[in-house]
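Each remark here refers to the structure printed beneath this line.
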Amino acid sequence: MANVLERLVARGRRVQHIRDQREVAFGLADLSTHEEVHDRIVKKGGVETLIHLLINSRDVEAQRFAALALANTACAVMHRVEIAQQDNCLEELSNYIRNDEADLATRQYCTMALGNLAADLDNHAGIVTVGGIESIVTLLKLGAKEQDLESGRYAAFALSNLATNSLYRNRIVDEGAVESLILIACSDDVKSQQQSLAALRGLCISPEFRSHVIQSGILDPLVLMSRSENTEILQDVAATINCLSSVAASKKEISNRAMLTIISMLLNGDRIVERHACCALANLAEECEVHGQLLEEGGLPPLIAMFASHDLNCKGEAARATANLSVNTDMHSHLLDEEILQVIVEALSESNINCQRFAALCLANLATTVSSQTRIVQVGAIRPLVHLVRGNDVHLEARRYSASSLANLSATFANHEIMVREKALEALFALSNSEDVFSQYYVACTLANLSSNIEVHSYVVQEGGIQPLIYLAYSEDPDVHVNATAALRGLSATGKCKLKIVQEGGLEPLLRLLLSKDVFLLREVTACLCNLSLGDENKIELANSGVVTPMISLMQHEDMEISSCCCCCLANLAELAYNQEMLVSEGAIEVCVIVMRSRYLGVQREGGRLLANLCACDLKVASDTIVESGGHHLLISFLLSRDDLCQRVGAFGLGNLCTHDRHRVTLTESRVLEPLSALVRSDNGNLEIQKFSILAIVNLSHEVKNHSAFVEERILQVVISLSNSPVEEIRQYAALAVANIAKNMDLKKIVTDEGGLEPVLYLARNDCFKVRREVIGAIATLSFVDKNKRDICFRGGLNPILQELQLEEADPIVGGLACCALANLSECVGNMHEIVASGGIPLLTNFLCNSNVKEKSETLRALGNLATNTDYGIMIGKENNMLEKIASILKQGSTKCRRMAGMALSNLAVNSSLHSSIMATSVIDPLVKAFRNSVDPKCKSDHECTRFCLLLVANLCTNSENHEVFIEKTLGEYHTFVSFVANQRVSYMILMLLMIRSFRFSYPIRLVAHIHKAWRHQMSPICDHYPWKPLL
């Protein structure tokens, strides 16, 4: 055979006779049918010989056999490129095909030769360069026009190979090959149909040509060919429809004209046909308008049956189709009725990527409705979904769609427990480290939903879920950090999580996100910070983190939620005195006053609460700024609001502001008392509001300048009536307000007339010593009113007075008030026994001896009043060194103390049994000094003290044993004193003293003369400013 080949090749180049040329061409064509000879034909120069015969021979048969031999030889895969590189091979073949006058069969063989050579991509450029596409399309059009199936088949074959190259498909389309291919596809010849479909399918690989192919009418032949029993044709039909179905603009048309064809191919039985049919349905199902037609044509059961296919690719396409159908919520019920869930869940466990990812996507879509979620959970879908999310070797999209399914399922509270039980949290935390933004998004969504369930919070903390959420909060993707922040917001509702978020560094990303302009993000961030600020352990950390400044600026945000959350957060921080100074320095007060005028009630409430907390700040600038900016007026307006929370804020804030002494008068002048009292006495008022209101009233009552307003605005009567409230706290606070007002000496009569004594005595009977001590001043003031004295003594007012004096280190001021009260009470004879029986005398004497007490006049007055009773005077006199102590005060004490010491001694001297003890003291010297100062115009003397000293002398002179002492030491002083103070209306007592002496003794004539002279002076009775009447 080799020798024959060589002879034929050599002979073919030289023969000129037509017969010889035919024999050589026939011989080479015959040899070319043997594949093993192809190599030798190429190497021995057979291709050149065949080209020579094709071009130069004038015999048609010789040309035909030469073209056939070239076509057969071009089947050699290893030599196609070499053949194409032969001189003028491609060009001569193309030219011959283009020649309309040439033999048709030869043109067909040349086309087949080019088609075989085009099977190698390396030859495509050469074929296109010599105009091969144009030549082939020319023959194709001829075959289509003349119904020459052979020409059409060979041309379609060549074009199918060239169409595999995307660079030249446009050349084929531009030459108008599509319409001719479609015409050939409509023929009855199977091979022609196959080749034309192969060419069309190749062209449709480029999306830009698919619409053109459809518009050219390819669907009709495809539908017709789908009835063929030839498997290869069905495969080509299914593949072509699959390719065309990806064109969005043509899906509806394909659905209308070929839906039943596609559905029928689902039941073909051939794996390739079913796979392409499933893929085509999946493509069409991307358009929701097609879904209804699929149902009408009964395509859902066959599609679901494809899940039973042993071909995983087919199963994956079926999963994709159902996933696309599940996008339409109207399809959910139909899918569930066909028991889709079970096969979808089984597909999750397949090793095929498409099965996993599209089954997960289908579940994600179905889980968007609550009714579907229940059934999804019931078929056990959560476990395989969690497995896919956790698997590091699972395809990223499968993990992503599984996370999406869990995100949708987590939207229902009932699913949270089983998700936690199936260890979904652990899987989600593992996926959060993925660089895929979509996966991070679905993880954040799921955790945001789960975090809304407080019962899940402990599991999140146990699994270390705070840190992944903080990591996601740093994400640059807005959707990711929004949902991560939402998850942190949900977790921040639990006390343990609050602290954990702050400890693990959650404040930094939240602070960065505060600078965002996204409203939804700011809502989540501010709400999260608001929740965190509820934890006392976080308040200082939050303030120091730098969150105060941006939160203050966001207080004026136009969004109600953002503004109210910022106000709420700062209000929580302001509950600590440590943070108040920072808030004030950052200008929170001025902004707060602005937002309190917001049109949103929620913003008003929280802004008012912030201001109310800042009212408690000890900084002078804080309270001054509040008042200067009109914040107190806004708080007062809150009292008049119909909203309970606003009323509460107003009362609370004013109560705090009233603790600052310098602003109490300003507040009262702003007419705050009336709305406060109205809230307290409201029948349907909130108890907490009533407490805050009465506290504010109590604070205002501490300022004496406000007392007149209490009386003028008739608030005193309201407070007194509230002292009978059934609510214990309100009753106590009201009574305390009454006690504060009762301390005002100018109002003691008004308080008494309005029934204010009972509230004061109610506090006096309180179990708390501090409360009892607080009312001593009020008791002392009210005790100046005569009608109160007995009630105070016998209805509980005496105990706090005596208990104050029992203290080892009694407060000098409070103790002095207690002594004043005792002094007033002892003016009533009926009270003396109760005071003495309660141990009043030892307490008074001990307090008198207290070295820390400087002003002792009231103590002496109390003892002096008690001394009007001779028995009690003896008890006083028997107290250790008491007479000496009083005498020393008479000598060295203040003016008021010396006056009361003189009064006490004069009353004690009524009892003659005490004369010797009194005379044993150093009482003579202060008496003489008092008399001398009285007659010395250069000395300021107290005439009341002098009067009591004279009375003391008079009482002591009732004892004859004392006469010699007084005549010897003081008589001269008396004479001088009588002459000087005759006009001072006190000589009546002196004259009585001297007259008594004259009756008892024989005095010199000069003393009688003094008496007569003074008696002749016009006298009037002495004005006694004290209620007691000493006994002479």
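We name chains A, B, ... following the order of the structure tokens; residues begin at 1 in each chain, and ligands are numbered from 1 as shown.
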Would you pick out the contacts of Leu667 of chain A at 12 Å or less, using only C-alpha atoms, so that residues sharing its chain but fewer than 2 positions from it are not included, and give the list as a PDB file with N, CA, C and O atoms, in the first residue's frame?
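This went into out.pdb:
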```pdb
ATOM      1  N   SER A 623     -26.201  74.204  87.696  1.00  0.00           N
ATOM      2  CA  SER A 623     -27.525  74.711  88.064  1.00  0.00           C
ATOM      3  C   SER A 623     -27.746  76.125  87.559  1.00  0.00           C
ATOM      4  O   SER A 623     -28.852  76.488  87.146  1.00  0.00           O
ATOM      5  N   ILE A 626     -28.676  75.930  83.895  1.00  0.00           N
ATOM      6  CA  ILE A 626     -30.046  75.431  83.727  1.00  0.00           C
ATOM      7  C   ILE A 626     -31.051  76.556  83.914  1.00  0.00           C
ATOM      8  O   ILE A 626     -31.987  76.732  83.122  1.00  0.00           O
ATOM      9  N   VAL A 627     -30.836  77.340  84.949  1.00  0.00           N
ATOM     10  CA  VAL A 627     -31.769  78.427  85.232  1.00  0.00           C
ATOM     11  C   VAL A 627     -31.650  79.538  84.195  1.00  0.00           C
ATOM     12  O   VAL A 627     -32.650  80.068  83.695  1.00  0.00           O
ATOM     13  N   GLU A 628     -30.412  79.868  83.832  1.00  0.00           N
ATOM     14  CA  GLU A 628     -30.206  80.952  82.868  1.00  0.00           C
ATOM     15  C   GLU A 628     -30.764  80.605  81.491  1.00  0.00           C
ATOM     16  O   GLU A 628     -31.238  81.477  80.772  1.00  0.00           O
ATOM     17  N   GLY A 630     -33.330  78.788  80.947  1.00  0.00           N
ATOM     18  CA  GLY A 630     -34.768  78.568  81.029  1.00  0.00           C
ATOM     19  C   GLY A 630     -35.162  77.120  81.215  1.00  0.00           C
ATOM     20  O   GLY A 630     -36.318  76.756  80.984  1.00  0.00           O
ATOM     21  N   GLY A 631     -34.228  76.289  81.626  1.00  0.00           N
ATOM     22  CA  GLY A 631     -34.540  74.879  81.817  1.00  0.00           C
ATOM     23  C   GLY A 631     -35.569  74.649  82.898  1.00  0.00           C
ATOM     24  O   GLY A 631     -36.393  73.732  82.799  1.00  0.00           O
ATOM     25  N   HIS A 632     -35.562  75.501  83.923  1.00  0.00           N
ATOM     26  CA  HIS A 632     -36.543  75.316  85.005  1.00  0.00           C
ATOM     27  C   HIS A 632     -37.955  75.601  84.521  1.00  0.00           C
ATOM     28  O   HIS A 632     -38.919  74.980  84.978  1.00  0.00           O
ATOM     29  N   HIS A 633     -38.093  76.516  83.565  1.00  0.00           N
ATOM     30  CA  HIS A 633     -39.426  76.788  83.015  1.00  0.00           C
ATOM     31  C   HIS A 633     -39.951  75.576  82.237  1.00  0.00           C
ATOM     32  O   HIS A 633     -41.150  75.262  82.298  1.00  0.00           O
ATOM     33  N   LEU A 634     -39.050  74.920  81.518  1.00  0.00           N
ATOM     34  CA  LEU A 634     -39.461  73.727  80.774  1.00  0.00           C
ATOM     35  C   LEU A 634     -39.870  72.606  81.735  1.00  0.00           C
ATOM     36  O   LEU A 634     -40.844  71.886  81.480  1.00  0.00           O
ATOM     37  N   LEU A 635     -39.120  72.461  82.817  1.00  0.00           N
ATOM     38  CA  LEU A 635     -39.486  71.441  83.798  1.00  0.00           C
ATOM     39  C   LEU A 635     -40.844  71.747  84.419  1.00  0.00           C
ATOM     40  O   LEU A 635     -41.643  70.841  84.674  1.00  0.00           O
ATOM     41  N   ILE A 636     -41.091  73.016  84.656  1.00  0.00           N
ATOM     42  CA  ILE A 636     -42.400  73.397  85.202  1.00  0.00           C
ATOM     43  C   ILE A 636     -43.499  73.101  84.188  1.00  0.00           C
ATOM     44  O   ILE A 636     -44.592  72.636  84.546  1.00  0.00           O
ATOM     45  N   GLY A 653     -36.877  66.504  88.261  1.00  0.00           N
ATOM     46  CA  GLY A 653     -35.883  67.529  87.978  1.00  0.00           C
ATOM     47  C   GLY A 653     -35.993  68.721  88.900  1.00  0.00           C
ATOM     48  O   GLY A 653     -34.991  69.248  89.394  1.00  0.00           O
ATOM     49  N   LEU A 654     -37.211  69.168  89.136  1.00  0.00           N
ATOM     50  CA  LEU A 654     -37.398  70.305  90.035  1.00  0.00           C
ATOM     51  C   LEU A 654     -36.994  69.947  91.458  1.00  0.00           C
ATOM     52  O   LEU A 654     -36.449  70.785  92.190  1.00  0.00           O
ATOM     53  N   GLY A 655     -37.253  68.698  91.833  1.00  0.00           N
ATOM     54  CA  GLY A 655     -36.826  68.267  93.159  1.00  0.00           C
ATOM     55  C   GLY A 655     -35.317  68.342  93.311  1.00  0.00           C
ATOM     56  O   GLY A 655     -34.799  68.747  94.358  1.00  0.00           O
ATOM     57  N   ASN A 656     -34.594  67.944  92.232  1.00  0.00           N
ATOM     58  CA  ASN A 656     -33.126  68.032  92.280  1.00  0.00           C
ATOM     59  C   ASN A 656     -32.657  69.481  92.264  1.00  0.00           C
ATOM     60  O   ASN A 656     -31.722  69.861  92.977  1.00  0.00           O
ATOM     61  N   LEU A 657     -33.294  70.285  91.423  1.00  0.00           N
ATOM     62  CA  LEU A 657     -32.880  71.682  91.317  1.00  0.00           C
ATOM     63  C   LEU A 657     -33.141  72.434  92.621  1.00  0.00           C
ATOM     64  O   LEU A 657     -32.411  73.370  92.967  1.00  0.00           O
ATOM     65  N   CYS A 658     -34.166  72.016  93.340  1.00  0.00           N
ATOM     66  CA  CYS A 658     -34.498  72.669  94.616  1.00  0.00           C
ATOM     67  C   CYS A 658     -33.474  72.380  95.699  1.00  0.00           C
ATOM     68  O   CYS A 658     -33.487  73.035  96.754  1.00  0.00           O
ATOM     69  N   THR A 659     -32.591  71.411  95.475  1.00  0.00           N
ATOM     70  CA  THR A 659     -31.560  71.138  96.478  1.00  0.00           C
ATOM     71  C   THR A 659     -30.492  72.227  96.495  1.00  0.00           C
ATOM     72  O   THR A 659     -29.691  72.274  97.421  1.00  0.00           O
ATOM     73  N   HIS A 660     -30.465  73.063  95.461  1.00  0.00           N
ATOM     74  CA  HIS A 660     -29.505  74.168  95.405  1.00  0.00           C
ATOM     75  C   HIS A 660     -30.148  75.394  96.050  1.00  0.00           C
ATOM     76  O   HIS A 660     -31.122  75.957  95.529  1.00  0.00           O
ATOM     77  N   ASP A 661     -29.591  75.823  97.161  1.00  0.00           N
ATOM     78  CA  ASP A 661     -30.199  76.894  97.956  1.00  0.00           C
ATOM     79  C   ASP A 661     -30.443  78.164  97.153  1.00  0.00           C
ATOM     80  O   ASP A 661     -31.475  78.825  97.305  1.00  0.00           O
ATOM     81  N   ARG A 662     -29.499  78.503  96.267  1.00  0.00           N
ATOM     82  CA  ARG A 662     -29.553  79.812  95.609  1.00  0.00           C
ATOM     83  C   ARG A 662     -30.665  79.912  94.563  1.00  0.00           C
ATOM     84  O   ARG A 662     -30.945  81.012  94.065  1.00  0.00           O
ATOM     85  N   HIS A 663     -31.269  78.777  94.199  1.00  0.00           N
ATOM     86  CA  HIS A 663     -32.290  78.818  93.158  1.00  0.00           C
ATOM     87  C   HIS A 663     -33.701  78.568  93.696  1.00  0.00           C
ATOM     88  O   HIS A 663     -34.656  78.565  92.917  1.00  0.00           O
ATOM     89  N   ARG A 664     -33.827  78.365  94.975  1.00  0.00           N
ATOM     90  CA  ARG A 664     -35.148  78.053  95.518  1.00  0.00           C
ATOM     91  C   ARG A 664     -36.100  79.237  95.391  1.00  0.00           C
ATOM     92  O   ARG A 664     -37.278  79.063  95.052  1.00  0.00           O
ATOM     93  N   VAL A 665     -35.604  80.407  95.634  1.00  0.00           N
ATOM     94  CA  VAL A 665     -36.462  81.589  95.523  1.00  0.00           C
ATOM     95  C   VAL A 665     -36.876  81.813  94.074  1.00  0.00           C
ATOM     96  O   VAL A 665     -38.037  82.125  93.778  1.00  0.00           O
ATOM     97  N   GLU A 669     -40.632  81.951  92.672  1.00  0.00           N
ATOM     98  CA  GLU A 669     -41.125  83.100  91.920  1.00  0.00           C
ATOM     99  C   GLU A 669     -41.626  82.709  90.532  1.00  0.00           C
ATOM    100  O   GLU A 669     -42.395  83.448  89.922  1.00  0.00           O
ATOM    101  N   SER A 670     -41.169  81.548  90.047  1.00  0.00           N
ATOM    102  CA  SER A 670     -41.636  81.046  88.741  1.00  0.00           C
ATOM    103  C   SER A 670     -42.954  80.310  88.862  1.00  0.00           C
ATOM    104  O   SER A 670     -43.366  79.626  87.913  1.00  0.00           O
ATOM    105  N   ARG A 671     -43.581  80.379  90.009  1.00  0.00           N
ATOM    106  CA  ARG A 671     -44.914  79.796  90.250  1.00  0.00           C
ATOM    107  C   ARG A 671     -44.880  78.281  90.138  1.00  0.00           C
ATOM    108  O   ARG A 671     -45.708  77.670  89.481  1.00  0.00           O
ATOM    109  N   VAL A 672     -43.909  77.666  90.788  1.00  0.00           N
ATOM    110  CA  VAL A 672     -43.785  76.224  90.706  1.00  0.00           C
ATOM    111  C   VAL A 672     -44.626  75.505  91.762  1.00  0.00           C
ATOM    112  O   VAL A 672     -44.953  74.327  91.613  1.00  0.00           O
ATOM    113  N   LEU A 673     -45.003  76.201  92.811  1.00  0.00           N
ATOM    114  CA  LEU A 673     -45.673  75.543  93.920  1.00  0.00           C
ATOM    115  C   LEU A 673     -47.054  75.003  93.540  1.00  0.00           C
ATOM    116  O   LEU A 673     -47.428  73.880  93.924  1.00  0.00           O
ATOM    117  N   GLU A 674     -47.807  75.774  92.777  1.00  0.00           N
ATOM    118  CA  GLU A 674     -49.173  75.370  92.441  1.00  0.00           C
ATOM    119  C   GLU A 674     -49.198  74.075  91.616  1.00  0.00           C
ATOM    120  O   GLU A 674     -49.927  73.139  91.961  1.00  0.00           O
ATOM    121  N   PRO A 675     -48.435  73.966  90.506  1.00  0.00           N
ATOM    122  CA  PRO A 675     -48.468  72.692  89.766  1.00  0.00           C
ATOM    123  C   PRO A 675     -47.925  71.519  90.576  1.00  0.00           C
ATOM    124  O   PRO A 675     -48.403  70.395  90.432  1.00  0.00           O
ATOM    125  N   LEU A 676     -46.940  71.771  91.429  1.00  0.00           N
ATOM    126  CA  LEU A 676     -46.431  70.673  92.259  1.00  0.00           C
ATOM    127  C   LEU A 676     -47.501  70.177  93.222  1.00  0.00           C
ATOM    128  O   LEU A 676     -47.707  68.970  93.377  1.00  0.00           O
ATOM    129  N   ALA A 696     -39.992  67.946  96.079  1.00  0.00           N
ATOM    130  CA  ALA A 696     -39.645  69.283  95.602  1.00  0.00           C
ATOM    131  C   ALA A 696     -40.217  70.355  96.527  1.00  0.00           C
ATOM    132  O   ALA A 696     -39.548  71.355  96.841  1.00  0.00           O
ATOM    133  N   ILE A 697     -41.444  70.149  96.960  1.00  0.00           N
ATOM    134  CA  ILE A 697     -42.063  71.109  97.882  1.00  0.00           C
ATOM    135  C   ILE A 697     -41.284  71.169  99.187  1.00  0.00           C
ATOM    136  O   ILE A 697     -41.054  72.250  99.756  1.00  0.00           O
ATOM    137  N   ASN A 699     -38.083  70.564  99.593  1.00  0.00           N
ATOM    138  CA  ASN A 699     -36.836  71.291  99.359  1.00  0.00           C
ATOM    139  C   ASN A 699     -37.079  72.795  99.294  1.00  0.00           C
ATOM    140  O   ASN A 699     -36.277  73.586  99.810  1.00  0.00           O
ATOM    141  N   LEU A 700     -38.156  73.198  98.662  1.00  0.00           N
ATOM    142  CA  LEU A 700     -38.463  74.622  98.588  1.00  0.00           C
ATOM    143  C   LEU A 700     -38.794  75.196  99.963  1.00  0.00           C
ATOM    144  O   LEU A 700     -38.518  76.371 100.244  1.00  0.00           O
ATOM    145  N   SER A 701     -39.373  74.382 100.815  1.00  0.00           N
ATOM    146  CA  SER A 701     -39.759  74.865 102.145  1.00  0.00           C
ATOM    147  C   SER A 701     -38.564  75.108 103.049  1.00  0.00           C
ATOM    148  O   SER A 701     -38.704  75.731 104.104  1.00  0.00           O
ATOM    149  N   GLU A 703     -36.207  77.070 102.317  1.00  0.00           N
ATOM    150  CA  GLU A 703     -35.850  78.476 102.154  1.00  0.00           C
ATOM    151  C   GLU A 703     -36.890  79.354 102.856  1.00  0.00           C
ATOM    152  O   GLU A 703     -38.071  79.344 102.515  1.00  0.00           O
ATOM    153  N   LYS A 705     -37.341  82.496 102.721  1.00  0.00           N
ATOM    154  CA  LYS A 705     -37.940  83.514 101.864  1.00  0.00           C
ATOM    155  C   LYS A 705     -39.133  82.984 101.076  1.00  0.00           C
ATOM    156  O   LYS A 705     -39.922  83.773 100.547  1.00  0.00           O
ATOM    157  N   ASN A 706     -39.245  81.673 100.964  1.00  0.00           N
ATOM    158  CA  ASN A 706     -40.362  81.079 100.226  1.00  0.00           C
ATOM    159  C   ASN A 706     -41.598  80.882 101.091  1.00  0.00           C
ATOM    160  O   ASN A 706     -42.671  80.572 100.557  1.00  0.00           O
ATOM    161  N   ALA A 709     -44.724  82.719 100.271  1.00  0.00           N
ATOM    162  CA  ALA A 709     -45.416  82.202  99.075  1.00  0.00           C
ATOM    163  C   ALA A 709     -46.260  80.983  99.424  1.00  0.00           C
ATOM    164  O   ALA A 709     -47.362  80.802  98.880  1.00  0.00           O
TER     165      ALA A 709
END
```
Problem - Test item: residues at most 10 Å from Lys252 of chain A, only C-alpha atoms, excluding those fewer than 6 positions along its chain, as number ranges by chain - result: A: 245, 258-259, 284-285, 287-290, 293
Problem set entry | Distance query segment 152-166 of chain A at most 9 Å, only C-alpha atoms, self and fewer than 4 positions along chain excluded, as number ranges by chain | A: 108-109, 111-121, 124, 133, 136-144, 147-148, 170, 172, 177, 180-181, 184, 191-206
Students should find that atom CA of Asn283 of chain A and atom CA of Cys355 of chain A are spaced 15.8 Å
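We find atom CA of Ser516 of chain A and atom CA of Asn572 of chain A to be spaced 23.0 Å apart.
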A:Leu149, A:Ser135, A:Asp337, A:Val923 ranked by distance to Asp100 of chain A, top pick (using only C-alpha atoms):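 Answer, going by the shortest atom-to-atom distance: A:Ser135.
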Discussion item. List as a count of residues only the protein and nucleic acid residues near Ser57 of chain A, meaning an atom at most 8 Å away when only C-alpha atoms are counted, but skip any in the same chain fewer than 4 places from it.
Written reply: 6
Contacts of Leu573 of chain A at 12 Å (only C-alpha atoms; same-chain gap of 2+ positions) as a PyMOL selection string = chain A and resi 529-544+547-548+551+566-571+575-584+588+609-611+613-614
Given the choices A:Glu150, A:Met225, A:Met919, A:Ser934, which gets closest to Val965 of chain A if the distance is worked out from only C-alpha atoms?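 Closest to Val965 of chain A, using only C-alpha atoms: A:Met919.
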Per-residue DSSP, segment 448-694 of chain A, filtered to helix (DSSP H, G or I), as a VMD selection string: chain A and resid 448 to 450 454 to 462 466 to 473 478 to 491 495 to 503 507 to 513 519 to 532 536 to 544 548 to 554 560 to 573 577 to 585 588 to 595 601 to 614 620 to 628 631 to 639 644 to 657 661 to 669 673 to 680 687 to 694
Inset, instruction - Skip Ser598 of chain A itself and residues of its chain fewer than 5 positions away, then list as a ChimeraX atom specification all residues within 12 Å of it, counting only C-alpha atoms. - result: /A:555-560,563-564,567,591-593,603-608,634
Open item on the list: What's around Asn352 of chain A at 9 Å? Count only C-alpha atoms, leave out sequence neighbours fewer than 6 positions away in its own chain, and write the answer as JSON, numbers by chain.
Closed with: {"A": [312, 313, 315, 316]}
Atoms kept (C-alpha atoms) for selection, written as a PDB file, in the first residue's frame:
```pdb
ATOM      1  CA  LEU A 312     -26.264  14.514  40.600  1.00  0.00           C
ATOM      2  CA  ASN A 313     -25.971  17.213  37.946  1.00  0.00           C
ATOM      3  CA  LYS A 315     -30.519  16.732  40.670  1.00  0.00           C
ATOM      4  CA  GLY A 316     -28.603  19.965  41.109  1.00  0.00           C
TER       5      GLY A 316
END
```
